[in-house]
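A.B. asks: Please find start-v4.cif (mmCIF, C-alpha atoms and all ligand atoms) on the next line:
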data_query
#
loop_
_atom_site.group_PDB
_atom_site.id
_atom_site.type_symbol
_atom_site.label_atom_id
_atom_site.label_comp_id
_atom_site.auth_asym_id
_atom_site.auth_seq_id
_atom_site.Cartn_x
_atom_site.Cartn_y
_atom_site.Cartn_z
ATOM 1 C CA MET A 26 -5.766 -41.552 -216.745
ATOM 2 C CA LYS A 27 -6.580 -45.195 -216.158
ATOM 3 C CA HIS A 28 -10.064 -46.287 -217.237
ATOM 4 C CA TRP A 29 -12.173 -48.237 -214.748
ATOM 5 C CA TYR A 30 -11.837 -51.473 -216.726
ATOM 6 C CA GLU A 31 -8.041 -51.178 -216.544
ATOM 7 C CA ASP A 32 -8.080 -50.864 -212.768
ATOM 8 C CA ASP A 33 -7.005 -54.073 -211.006
ATOM 9 C CA GLU A 34 -8.371 -52.729 -207.745
ATOM 10 C CA PHE A 35 -11.839 -52.470 -209.289
ATOM 11 C CA TRP A 36 -11.831 -56.102 -210.470
ATOM 12 C CA GLU A 37 -10.260 -57.429 -207.267
ATOM 13 C CA THR A 38 -12.645 -55.532 -204.998
ATOM 14 C CA MET A 39 -15.716 -56.419 -207.023
ATOM 15 C CA SER A 40 -14.828 -60.057 -207.524
ATOM 16 C CA SER A 41 -16.863 -61.210 -204.500
ATOM 17 C CA LYS A 42 -19.956 -59.583 -206.042
ATOM 18 C CA ILE A 43 -19.376 -60.511 -209.687
ATOM 19 C CA PHE A 44 -18.229 -64.046 -208.889
ATOM 20 C CA SER A 45 -20.520 -64.795 -205.956
ATOM 21 C CA LYS A 46 -21.222 -68.408 -204.940
ATOM 22 C CA ASP A 47 -24.581 -68.166 -206.665
ATOM 23 C CA HIS A 48 -22.891 -67.130 -209.920
ATOM 24 C CA TRP A 49 -20.370 -69.993 -209.668
ATOM 25 C CA ASP A 50 -23.221 -72.434 -208.947
ATOM 26 C CA ARG A 51 -25.051 -71.357 -212.096
ATOM 27 C CA ALA A 52 -22.119 -71.971 -214.419
ATOM 28 C CA PRO A 53 -22.458 -75.788 -214.974
ATOM 29 C CA LYS A 54 -26.071 -75.444 -216.115
ATOM 30 C CA GLU A 55 -25.186 -72.472 -218.328
ATOM 31 C CA VAL A 56 -22.417 -74.489 -219.951
ATOM 32 C CA GLU A 57 -24.790 -77.407 -220.619
ATOM 33 C CA LYS A 58 -27.227 -75.004 -222.267
ATOM 34 C CA ILE A 59 -24.513 -73.352 -224.368
ATOM 35 C CA ILE A 60 -23.289 -76.759 -225.572
ATOM 36 C CA SER A 61 -26.758 -77.713 -226.743
ATOM 37 C CA LEU A 62 -27.644 -74.232 -228.086
ATOM 38 C CA LEU A 63 -24.522 -74.046 -230.263
ATOM 39 C CA GLU A 64 -24.382 -77.822 -230.875
ATOM 40 C CA ILE A 65 -20.721 -77.799 -229.873
ATOM 41 C CA ALA A 66 -18.840 -80.826 -231.205
ATOM 42 C CA GLN A 67 -16.650 -82.678 -228.716
ATOM 43 C CA ASP A 68 -13.495 -81.812 -230.689
ATOM 44 C CA ALA A 69 -14.310 -78.089 -230.931
ATOM 45 C CA TYR A 70 -11.733 -75.498 -229.918
ATOM 46 C CA ILE A 71 -13.419 -72.886 -227.719
ATOM 47 C CA LEU A 72 -12.319 -69.386 -226.746
ATOM 48 C CA ASP A 73 -13.839 -67.909 -223.579
ATOM 49 C CA LEU A 74 -13.071 -64.232 -224.109
ATOM 50 C CA CYS A 75 -13.080 -62.272 -220.832
ATOM 51 C CA CYS A 76 -13.141 -65.543 -218.914
ATOM 52 C CA GLY A 77 -12.629 -64.062 -215.415
ATOM 53 C CA PRO A 78 -11.543 -66.777 -212.933
ATOM 54 C CA GLY A 79 -12.877 -69.438 -215.304
ATOM 55 C CA ARG A 80 -16.467 -70.012 -214.205
ATOM 56 C CA HIS A 81 -17.365 -71.371 -217.629
ATOM 57 C CA SER A 82 -13.923 -72.323 -219.018
ATOM 58 C CA LEU A 83 -13.334 -74.775 -216.165
ATOM 59 C CA GLU A 84 -16.721 -76.393 -216.779
ATOM 60 C CA PHE A 85 -15.882 -76.875 -220.461
ATOM 61 C CA ALA A 86 -12.529 -78.385 -219.463
ATOM 62 C CA ARG A 87 -14.297 -80.755 -217.032
ATOM 63 C CA ARG A 88 -16.363 -81.959 -219.989
ATOM 64 C CA GLY A 89 -13.225 -82.639 -222.030
ATOM 65 C CA TYR A 90 -13.410 -79.636 -224.390
ATOM 66 C CA LYS A 91 -10.284 -77.880 -225.610
ATOM 67 C CA ILE A 92 -10.552 -74.370 -224.214
ATOM 68 C CA LEU A 93 -8.570 -71.167 -224.017
ATOM 69 C CA GLY A 94 -9.599 -68.522 -221.483
ATOM 70 C CA VAL A 95 -8.465 -64.960 -222.141
ATOM 71 C CA ASP A 96 -8.748 -62.099 -219.675
ATOM 72 C CA ARG A 97 -6.882 -58.937 -218.700
ATOM 73 C CA THR A 98 -6.953 -59.557 -214.940
ATOM 74 C CA LEU A 99 -3.989 -61.610 -213.785
ATOM 75 C CA LYS A 100 -5.445 -62.465 -210.358
ATOM 76 C CA TYR A 101 -8.447 -64.101 -212.043
ATOM 77 C CA LEU A 102 -6.233 -66.063 -214.409
ATOM 78 C CA GLU A 103 -4.081 -67.264 -211.529
ATOM 79 C CA LYS A 104 -7.190 -68.509 -209.737
ATOM 80 C CA ALA A 105 -8.294 -70.384 -212.860
ATOM 81 C CA ARG A 106 -4.815 -71.866 -213.419
ATOM 82 C CA ASN A 107 -4.672 -73.090 -209.797
ATOM 83 C CA GLN A 108 -7.988 -74.832 -210.249
ATOM 84 C CA VAL A 109 -6.722 -76.473 -213.437
ATOM 85 C CA LYS A 110 -3.739 -77.778 -211.482
ATOM 86 C CA ASN A 111 -5.822 -78.936 -208.501
ATOM 87 C CA GLU A 112 -8.252 -80.868 -210.676
ATOM 88 C CA GLY A 113 -5.713 -82.067 -213.246
ATOM 89 C CA LEU A 114 -7.692 -80.430 -216.056
ATOM 90 C CA ASN A 115 -6.583 -79.505 -219.523
ATOM 91 C CA ALA A 116 -7.238 -75.782 -220.110
ATOM 92 C CA GLU A 117 -5.120 -72.784 -220.947
ATOM 93 C CA PHE A 118 -5.472 -69.257 -219.614
ATOM 94 C CA LEU A 119 -3.833 -66.267 -221.253
ATOM 95 C CA GLN A 120 -3.552 -62.636 -220.233
ATOM 96 C CA ALA A 121 -4.540 -60.319 -223.078
ATOM 97 C CA ASP A 122 -6.676 -57.295 -223.839
ATOM 98 C CA MET A 123 -9.713 -58.158 -225.941
ATOM 99 C CA ARG A 124 -8.935 -55.174 -228.182
ATOM 100 C CA ASN A 125 -5.669 -56.819 -229.221
ATOM 101 C CA PHE A 126 -6.297 -60.547 -228.977
ATOM 102 C CA CYS A 127 -6.629 -62.074 -232.433
ATOM 103 C CA LYS A 128 -5.707 -65.586 -233.666
ATOM 104 C CA PRO A 129 -6.966 -65.859 -237.238
ATOM 105 C CA ASN A 130 -9.050 -68.927 -238.213
ATOM 106 C CA THR A 131 -8.389 -70.747 -234.936
ATOM 107 C CA PHE A 132 -11.579 -71.300 -232.950
ATOM 108 C CA ASP A 133 -14.804 -73.172 -233.656
ATOM 109 C CA ILE A 134 -16.636 -71.335 -230.889
ATOM 110 C CA ILE A 135 -16.066 -67.975 -229.179
ATOM 111 C CA LEU A 136 -17.966 -66.970 -226.057
ATOM 112 C CA ASN A 137 -18.250 -63.593 -224.372
ATOM 113 C CA LEU A 138 -20.425 -64.081 -221.300
ATOM 114 C CA PHE A 139 -22.049 -62.108 -218.486
ATOM 115 C CA THR A 140 -21.865 -58.574 -219.915
ATOM 116 C CA SER A 141 -18.158 -58.548 -220.719
ATOM 117 C CA PHE A 142 -18.592 -56.255 -223.716
ATOM 118 C CA GLY A 143 -19.279 -52.537 -224.179
ATOM 119 C CA TYR A 144 -16.711 -51.297 -221.667
ATOM 120 C CA PHE A 145 -14.722 -48.952 -223.845
ATOM 121 C CA GLU A 146 -14.971 -45.194 -224.108
ATOM 122 C CA ASN A 147 -15.136 -45.296 -227.908
ATOM 123 C CA GLN A 148 -17.402 -47.545 -229.863
ATOM 124 C CA GLU A 149 -14.573 -48.106 -232.364
ATOM 125 C CA ASP A 150 -12.899 -50.255 -229.692
ATOM 126 C CA ASP A 151 -16.020 -52.427 -229.370
ATOM 127 C CA GLU A 152 -15.977 -52.799 -233.137
ATOM 128 C CA LYS A 153 -12.315 -53.760 -233.037
ATOM 129 C CA VAL A 154 -13.154 -56.526 -230.541
ATOM 130 C CA LEU A 155 -15.920 -57.859 -232.796
ATOM 131 C CA LYS A 156 -13.581 -57.806 -235.788
ATOM 132 C CA ASN A 157 -10.923 -59.730 -233.792
ATOM 133 C CA ILE A 158 -13.559 -62.286 -232.840
ATOM 134 C CA TYR A 159 -14.727 -62.635 -236.425
ATOM 135 C CA LEU A 160 -11.158 -63.112 -237.670
ATOM 136 C CA SER A 161 -10.315 -65.594 -234.887
ATOM 137 C CA LEU A 162 -13.205 -67.902 -235.808
ATOM 138 C CA LYS A 163 -12.885 -70.624 -238.394
ATOM 139 C CA SER A 164 -15.275 -70.428 -241.315
ATOM 140 C CA GLY A 165 -18.712 -71.580 -240.082
ATOM 141 C CA GLY A 166 -17.644 -70.922 -236.468
ATOM 142 C CA LYS A 167 -20.081 -69.431 -233.981
ATOM 143 C CA PHE A 168 -19.858 -66.525 -231.568
ATOM 144 C CA LEU A 169 -22.181 -66.221 -228.557
ATOM 145 C CA LEU A 170 -22.420 -62.783 -226.957
ATOM 146 C CA ASP A 171 -24.378 -62.476 -223.709
ATOM 147 C CA LEU A 172 -25.355 -58.955 -222.693
ATOM 148 C CA VAL A 173 -27.862 -56.973 -220.758
ATOM 149 C CA GLY A 174 -29.979 -55.470 -223.543
ATOM 150 C CA LYS A 175 -31.280 -51.926 -223.679
ATOM 151 C CA GLU A 176 -34.856 -53.159 -224.132
ATOM 152 C CA THR A 177 -34.587 -55.582 -221.196
ATOM 153 C CA LEU A 178 -33.011 -53.097 -218.814
ATOM 154 C CA ALA A 179 -35.213 -50.039 -219.464
ATOM 155 C CA PRO A 180 -38.496 -51.418 -218.000
ATOM 156 C CA ILE A 181 -36.843 -52.699 -214.812
ATOM 157 C CA PHE A 182 -34.341 -49.894 -214.416
ATOM 158 C CA THR A 183 -33.638 -49.061 -210.759
ATOM 159 C CA GLU A 184 -31.809 -45.849 -210.012
ATOM 160 C CA LYS A 185 -30.722 -46.739 -206.495
ATOM 161 C CA SER A 186 -30.445 -50.095 -204.761
ATOM 162 C CA TRP A 187 -28.518 -51.789 -201.994
ATOM 163 C CA VAL A 188 -27.761 -55.377 -201.165
ATOM 164 C CA GLU A 189 -25.928 -57.141 -198.384
ATOM 165 C CA GLU A 190 -24.036 -60.296 -199.281
ATOM 166 C CA ASP A 191 -21.693 -62.252 -197.005
ATOM 167 C CA GLY A 192 -21.305 -59.322 -194.623
ATOM 168 C CA VAL A 193 -20.520 -56.871 -197.431
ATOM 169 C CA LEU A 194 -22.856 -53.960 -198.108
ATOM 170 C CA TYR A 195 -23.177 -52.754 -201.699
ATOM 171 C CA LEU A 196 -24.863 -49.418 -202.409
ATOM 172 C CA MET A 197 -25.456 -48.886 -206.095
ATOM 173 C CA ASP A 198 -26.770 -46.053 -208.160
ATOM 174 C CA SER A 199 -27.100 -46.001 -211.908
ATOM 175 C CA LYS A 200 -28.115 -43.496 -214.536
ATOM 176 C CA PRO A 201 -28.622 -43.813 -218.287
ATOM 177 C CA ILE A 202 -26.440 -41.222 -220.014
ATOM 178 C CA GLU A 203 -25.825 -40.002 -223.561
ATOM 179 C CA ASN A 204 -29.418 -40.699 -224.668
ATOM 180 C CA TRP A 205 -29.418 -44.214 -223.230
ATOM 181 C CA SER A 206 -26.304 -45.197 -225.162
ATOM 182 C CA LYS A 207 -24.469 -45.813 -221.872
ATOM 183 C CA ILE A 208 -25.151 -46.554 -218.216
ATOM 184 C CA ARG A 209 -23.098 -44.844 -215.542
ATOM 185 C CA ASN A 210 -22.884 -46.821 -212.297
ATOM 186 C CA ARG A 211 -21.558 -45.795 -208.916
ATOM 187 C CA TRP A 212 -20.961 -48.668 -206.521
ATOM 188 C CA ILE A 213 -20.055 -48.158 -202.891
ATOM 189 C CA MET A 214 -18.851 -51.205 -201.037
ATOM 190 C CA ILE A 215 -18.600 -51.313 -197.229
ATOM 191 C CA LYS A 216 -16.779 -54.197 -195.588
ATOM 192 C CA ASN A 217 -15.524 -54.207 -191.981
ATOM 193 C CA ASN A 218 -16.213 -50.446 -191.841
ATOM 194 C CA ILE A 219 -13.945 -49.846 -194.831
ATOM 195 C CA ARG A 220 -15.608 -47.989 -197.678
ATOM 196 C CA LYS A 221 -14.576 -48.234 -201.311
ATOM 197 C CA GLU A 222 -16.228 -46.462 -204.189
ATOM 198 C CA PHE A 223 -16.043 -47.036 -207.939
ATOM 199 C CA THR A 224 -17.731 -45.364 -210.873
ATOM 200 C CA PHE A 225 -17.948 -47.233 -214.135
ATOM 201 C CA THR A 226 -19.720 -46.664 -217.391
ATOM 202 C CA HIS A 227 -20.590 -49.158 -220.088
ATOM 203 C CA ARG A 228 -22.262 -49.033 -223.460
ATOM 204 C CA LEU A 229 -25.769 -50.395 -223.673
ATOM 205 C CA TYR A 230 -26.799 -52.099 -226.916
ATOM 206 C CA SER A 231 -30.298 -52.632 -228.223
ATOM 207 C CA GLY A 232 -30.993 -55.812 -230.176
ATOM 208 C CA SER A 233 -30.871 -54.085 -233.538
ATOM 209 C CA GLU A 234 -27.719 -52.126 -232.627
ATOM 210 C CA ILE A 235 -25.724 -55.213 -231.679
ATOM 211 C CA ALA A 236 -27.000 -57.154 -234.700
ATOM 212 C CA LYS A 237 -25.913 -54.281 -236.957
ATOM 213 C CA SER A 238 -22.431 -54.192 -235.370
ATOM 214 C CA LEU A 239 -22.051 -57.955 -235.793
ATOM 215 C CA TYR A 240 -23.040 -57.840 -239.463
ATOM 216 C CA LYS A 241 -20.663 -54.904 -239.955
ATOM 217 C CA SER A 242 -17.825 -57.066 -238.550
ATOM 218 C CA GLY A 243 -18.489 -59.624 -241.287
ATOM 219 C CA PHE A 244 -20.793 -62.221 -239.694
ATOM 220 C CA LYS A 245 -23.116 -63.790 -242.241
ATOM 221 C CA SER A 246 -25.986 -64.525 -239.854
ATOM 222 C CA VAL A 247 -27.071 -63.209 -236.461
ATOM 223 C CA GLU A 248 -29.794 -64.681 -234.260
ATOM 224 C CA LEU A 249 -30.995 -62.835 -231.155
ATOM 225 C CA ILE A 250 -32.516 -64.726 -228.238
ATOM 226 C CA GLY A 251 -33.650 -63.740 -224.743
ATOM 227 C CA ASP A 252 -31.973 -66.469 -222.674
ATOM 228 C CA LEU A 253 -29.976 -69.674 -222.987
ATOM 229 C CA ASN A 254 -33.227 -71.670 -223.388
ATOM 230 C CA ARG A 255 -33.653 -70.002 -226.788
ATOM 231 C CA ASN A 256 -36.686 -67.991 -225.739
ATOM 232 C CA PRO A 257 -37.230 -65.030 -228.077
ATOM 233 C CA TYR A 258 -35.687 -61.623 -227.577
ATOM 234 C CA ASP A 259 -39.027 -59.995 -226.820
ATOM 235 C CA ASN A 260 -40.661 -58.106 -223.957
ATOM 236 C CA ASN A 261 -40.115 -61.096 -221.608
ATOM 237 C CA ALA A 262 -36.421 -61.517 -222.409
ATOM 238 C CA ARG A 263 -34.025 -61.569 -219.463
ATOM 239 C CA ARG A 264 -30.806 -61.193 -221.473
ATOM 240 C CA LEU A 265 -29.747 -60.084 -224.921
ATOM 241 C CA ILE A 266 -27.927 -63.058 -226.418
ATOM 242 C CA ALA A 267 -26.584 -62.889 -229.949
ATOM 243 C CA ILE A 268 -25.453 -65.995 -231.832
ATOM 244 C CA ALA A 269 -23.426 -64.920 -234.838
ATOM 245 C CA THR A 270 -22.105 -67.299 -237.481
ATOM 246 C CA LYS A 271 -19.027 -66.656 -239.644
HETATM 247 C C1 LIG B 301 -18.320 -59.330 -215.707
HETATM 248 S S1 LIG B 301 -16.775 -60.164 -215.775
HETATM 249 C C2 LIG B 301 -17.281 -61.673 -216.549
HETATM 250 C C3 LIG B 301 -16.307 -62.810 -216.448
HETATM 251 C C4 LIG B 301 -16.757 -64.161 -217.017
HETATM 252 N N1 LIG B 301 -17.114 -64.089 -218.419
HETATM 253 C C5 LIG B 301 -17.906 -64.779 -216.231
HETATM 254 O O1 LIG B 301 -18.999 -64.910 -216.778
HETATM 255 O O2 LIG B 301 -17.692 -65.134 -215.076
HETATM 256 C C6 LIG B 301 -15.885 -59.276 -217.016
HETATM 257 C C7 LIG B 301 -14.468 -59.743 -217.269
HETATM 258 O O3 LIG B 301 -13.898 -58.970 -218.314
HETATM 259 C C8 LIG B 301 -12.510 -58.800 -218.061
HETATM 260 N N2 LIG B 301 -12.034 -57.662 -218.866
HETATM 261 C C9 LIG B 301 -12.317 -56.356 -218.687
HETATM 262 N N3 LIG B 301 -11.740 -55.606 -219.620
HETATM 263 C C10 LIG B 301 -11.039 -56.452 -220.421
HETATM 264 C C11 LIG B 301 -10.212 -56.277 -221.560
HETATM 265 N N4 LIG B 301 -9.998 -55.079 -222.076
HETATM 266 N N5 LIG B 301 -9.677 -57.375 -222.145
HETATM 267 C C12 LIG B 301 -9.887 -58.612 -221.618
HETATM 268 N N6 LIG B 301 -10.642 -58.829 -220.520
HETATM 269 C C13 LIG B 301 -11.230 -57.773 -219.938
HETATM 270 C C14 LIG B 301 -12.459 -58.607 -216.553
HETATM 271 O O4 LIG B 301 -11.189 -58.859 -216.031
HETATM 272 C C15 LIG B 301 -13.526 -59.612 -216.087
HETATM 273 O O5 LIG B 301 -12.944 -60.850 -215.812
#
How would this structure read if it were set down as structure tokens?

C.D. replies:
Amino acid sequence: MKHWYEDDEFWETMSSKIFSKDHWDRAPKEVEKIISLLEIAQDAYILDLCCGPGRHSLEFARRGYKILGVDRTLKYLEKARNQVKNEGLNAEFLQADMRNFCKPNTFDIILNLFTSFGYFENQEDDEKVLKNIYLSLKSGGKFLLDLVGKETLAPIFTEKSWVEEDGVLYLMDSKPIENWSKIRNRWIMIKNNIRKEFTFTHRLYSGSEIAKSLYKSGFKSVELIGDLNRNPYDNNARRLIAIATK
């Protein structure tokens, strides 16, 4: 049986929600913040792991950085490659599964943004991804992982919600399962009277859980912050961002 994250129809149908105009508009500012947060040198080689259609990769390319975007979804990569061509940018996009992608000692910076981690059934697969990332970094290289944290989600958790965006109605219900180790989501999407429904589950990490996994993969230091402005990962945090150094 195909898992939800291996389903092209899921990613293609959800792309208007995940990559809304608002989300595209936020990317330049996020990239500026990441550059200053990680003090990225102009000659750095950056990997955007799970890059989608290149929201962030394209911004790095526009700023002259050498960047490789990796994602499993071909349609997204094609969109990114077209944009590269249209703008005459220098960026590469490669189709690969994050469980298998590994290029030892290659990158100065690796990014995994917008909750693109924790998808797999077994935690061993998450650990494999972290190990690949660790191995793919050069010594002293930095990895930034941007997640929704268990501590940030629990107090604002909403079981049922609906939103209407660009004439598309999204009905969403979510439930913490397996003692809050995962969240199971059911999303119904109605567009032009056509209804599509997807159920997807992802692993939810607390701050200490993700830090432990990163250390286990070999990272020598891990800093947790609550947003790209380097606010602390405390009760006011909006995201769980880990910066791990090899
Ligand atoms: C929430 S989106 C985030 C995309 C991008 N980082 C952004 O911020 O716009 C998650 C991405 O992970 C990709 N993805 C899912 N499973 C993957 C896998 N096993 N290997 C590589 N990419 C994967 C999806 O195709 C999708 O583009």

A.B. asks: Here's the selection I'm unsure about, the PyMOL selection byres (((chain A and resi 192-201) around 8) and not hetatm); applied to the file above, which residues does it give, as a list in words?

C.D. replies: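 When the PyMOL selection byres (((chain A and resi 192-201) around 8) and not hetatm) is applied to the shown file, the picked residues are Thr183, Glu184, Lys185, Ser186, Trp187, Val188, Glu189, Glu190, Asp191, Ile202, Glu203, Asn204, Trp205, Ser206, Lys207, Ile208, Arg209, Asn210, Arg211, Trp212, Ile213, Met214, Ile215, Lys216 and Asn217 of chain A.
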
A.B. asks: Have a look at CA of His48 in chain A and CA of Phe145 in chain A and let me know their distance in Å, one decimal.

C.D. replies: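 Calculated distance between CA of His48 in chain A and CA of Phe145 in chain A is 24.3 Å.
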
A.B. asks: Neighbouring residues of ligand LIG 301 (chain B) are defined here as those with any atom at most 6 Å from a ligand atom, counting only C-alpha atoms and all ligand atoms; list them as a PyMOL selection string.

C.D. replies: chain A and resi 30+75-77+80+96-98+121-123+138-141

A.B. asks: For the file shown, report as number ranges by chain the outcome of the PyMOL selection byres (((chain A and resi 255) around 12) and not hetatm) at residue level.

C.D. replies: A: 58-59, 61-63, 248-254, 256-259, 262-268

A.B. asks: Restricting the calculation to all atoms listed in the file, which member of A:Ser161, A:Asn111, A:Thr270, A:Asn218 is positioned closest to Tyr240 in chain A?

C.D. replies: A:Thr270

A.B. asks: Carefully work through the PyMOL selection byres (((chain A and resi 157) around 9) and not hetatm) for this structure and note down the residues it includes, as an mmCIF file with C-alpha atoms, in the frame of the given file.

C.D. replies:
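Written out: expr-v5.cif:
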data_model
loop_
_atom_site.group_PDB
_atom_site.id
_atom_site.type_symbol
_atom_site.label_atom_id
_atom_site.label_comp_id
_atom_site.auth_asym_id
_atom_site.auth_seq_id
_atom_site.Cartn_x
_atom_site.Cartn_y
_atom_site.Cartn_z
ATOM 1 C CA MET A 123 -9.713 -58.158 -225.941
ATOM 2 C CA ARG A 124 -8.935 -55.174 -228.182
ATOM 3 C CA ASN A 125 -5.669 -56.819 -229.221
ATOM 4 C CA PHE A 126 -6.297 -60.547 -228.977
ATOM 5 C CA CYS A 127 -6.629 -62.074 -232.433
ATOM 6 C CA LYS A 128 -5.707 -65.586 -233.666
ATOM 7 C CA PRO A 129 -6.966 -65.859 -237.238
ATOM 8 C CA GLU A 152 -15.977 -52.799 -233.137
ATOM 9 C CA LYS A 153 -12.315 -53.760 -233.037
ATOM 10 C CA VAL A 154 -13.154 -56.526 -230.541
ATOM 11 C CA LEU A 155 -15.920 -57.859 -232.796
ATOM 12 C CA LYS A 156 -13.581 -57.806 -235.788
ATOM 13 C CA ILE A 158 -13.559 -62.286 -232.840
ATOM 14 C CA TYR A 159 -14.727 -62.635 -236.425
ATOM 15 C CA LEU A 160 -11.158 -63.112 -237.670
ATOM 16 C CA SER A 161 -10.315 -65.594 -234.887
ATOM 17 C CA LEU A 162 -13.205 -67.902 -235.808
ATOM 18 C CA SER A 242 -17.825 -57.066 -238.550
#

A.B. asks: Considering all atoms listed in the file, state which residue in the set A:Glu84, A:Glu146, A:Glu31, A:Asp73 is at the smallest distance from Ile134 in chain A.

C.D. replies: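 Checking each of A:Glu84, A:Glu146, A:Glu31, A:Asp73 against Ile134 in chain A, counting all atoms listed in the file, the winner is A:Asp73.
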
A.B. asks: Which residue out of A:Gly113, A:Gly174, A:Gly165, A:Gly94 has the minimum interatomic distance to Asn137 in chain A when all atoms listed in the file are used?

C.D. replies: A:Gly94

A.B. asks: Give me, please, the distance in Å between CA of Ala236 in chain A and CA of Asn260 in chain A, quoted to one decimal.

C.D. replies: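 Distance reported for this atom pair: 17.4 Å.
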
A.B. asks: Can you pull out the residues contacting Lys91 in chain A? Cut-off 7 Å, using all atoms listed in the file, and skip same-chain residues under 4 positions away; I want them as an NGL selection string.

C.D. replies: :A and (69-71 or 86 or 116)

A.B. asks: What separation in Å, quoted to one decimal, exists between CA of Asn261 in chain A and CA of Glu55 in chain A?

C.D. replies: 19.1 Å

A.B. asks: Kindly indicate which residue among A:Glu57, A:Glu234, A:Leu74, A:Thr224 lies nearest to Phe132 in chain A, using all atoms listed in the file for the distances.

C.D. replies: A:Leu74

A.B. asks: Could you check which residues have any atom within 9 Å of (-7.8, -70.5, -218.9), counting only C-alpha atoms with coordinates taken straight from the file, and then list them as a PyMOL selection string?

C.D. replies: chain A and resi 73+76-79+82-83+92-96+102-103+105-106+109+116-119

A.B. asks: Given 4 Å on each side, where is the centre and what are the edge lengths in Å to one decimal of the axis-aligned box enclosing the listed atoms of range 115-120 of chain A, as JSON?

C.D. replies:
{"center_x": -5.4, "center_y": -71.1, "center_z": -220.4, "size_x": 11.7, "size_y": 24.9, "size_z": 9.7}

A.B. asks: Could you name the residues that touch Lys271 in chain A at 8 Å or less, counting all atoms listed in the file, but leaving out those on the same chain fewer than 6 positions away, as number ranges by chain?

C.D. replies: A: 159, 162-167, 243-246

A.B. asks: Based on the selection just made, write C-alpha atoms of those residues as a PDB file, in the frame of the given file.

C.D. replies:
ATOM      1  CA  TYR A 159     -14.727 -62.635-236.425  1.00  0.00           C
ATOM      2  CA  LEU A 162     -13.205 -67.902-235.808  1.00  0.00           C
ATOM      3  CA  LYS A 163     -12.885 -70.624-238.394  1.00  0.00           C
ATOM      4  CA  SER A 164     -15.275 -70.428-241.315  1.00  0.00           C
ATOM      5  CA  GLY A 165     -18.712 -71.580-240.082  1.00  0.00           C
ATOM      6  CA  GLY A 166     -17.644 -70.922-236.468  1.00  0.00           C
ATOM      7  CA  LYS A 167     -20.081 -69.431-233.981  1.00  0.00           C
ATOM      8  CA  GLY A 243     -18.489 -59.624-241.287  1.00  0.00           C
ATOM      9  CA  PHE A 244     -20.793 -62.221-239.694  1.00  0.00           C
ATOM     10  CA  LYS A 245     -23.116 -63.790-242.241  1.00  0.00           C
ATOM     11  CA  SER A 246     -25.986 -64.525-239.854  1.00  0.00           C
TER      12      SER A 246
END

A.B. asks: Take the structure in the block and write a file for range 29-46 of chain A, C-alpha atoms, as a PDB file, in the first residue's frame.

C.D. replies:
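What landed in selection_7.pdb:
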ATOM      1  CA  TRP A  29       0.226   9.275   1.910  1.00  0.00           C
ATOM      2  CA  TYR A  30       3.601  10.968   1.419  1.00  0.00           C
ATOM      3  CA  GLU A  31       4.238   8.788  -1.641  1.00  0.00           C
ATOM      4  CA  ASP A  32       0.970   9.814  -3.260  1.00  0.00           C
ATOM      5  CA  ASP A  33       1.447  12.334  -6.085  1.00  0.00           C
ATOM      6  CA  GLU A  34      -2.259  13.089  -6.024  1.00  0.00           C
ATOM      7  CA  PHE A  35      -1.985  14.212  -2.399  1.00  0.00           C
ATOM      8  CA  TRP A  36       0.860  16.652  -3.135  1.00  0.00           C
ATOM      9  CA  GLU A  37      -0.694  17.918  -6.371  1.00  0.00           C
ATOM     10  CA  THR A  38      -4.123  18.452  -4.827  1.00  0.00           C
ATOM     11  CA  MET A  39      -2.765  20.100  -1.703  1.00  0.00           C
ATOM     12  CA  SER A  40      -0.257  22.304  -3.472  1.00  0.00           C
ATOM     13  CA  SER A  41      -2.646  25.284  -3.638  1.00  0.00           C
ATOM     14  CA  LYS A  42      -2.986  25.141   0.164  1.00  0.00           C
ATOM     15  CA  ILE A  43       0.625  24.351   1.067  1.00  0.00           C
ATOM     16  CA  PHE A  44       2.079  26.768  -1.482  1.00  0.00           C
ATOM     17  CA  SER A  45      -0.508  29.538  -1.255  1.00  0.00           C
ATOM     18  CA  LYS A  46       0.350  33.067  -2.433  1.00  0.00           C
TER      19      LYS A  46
END
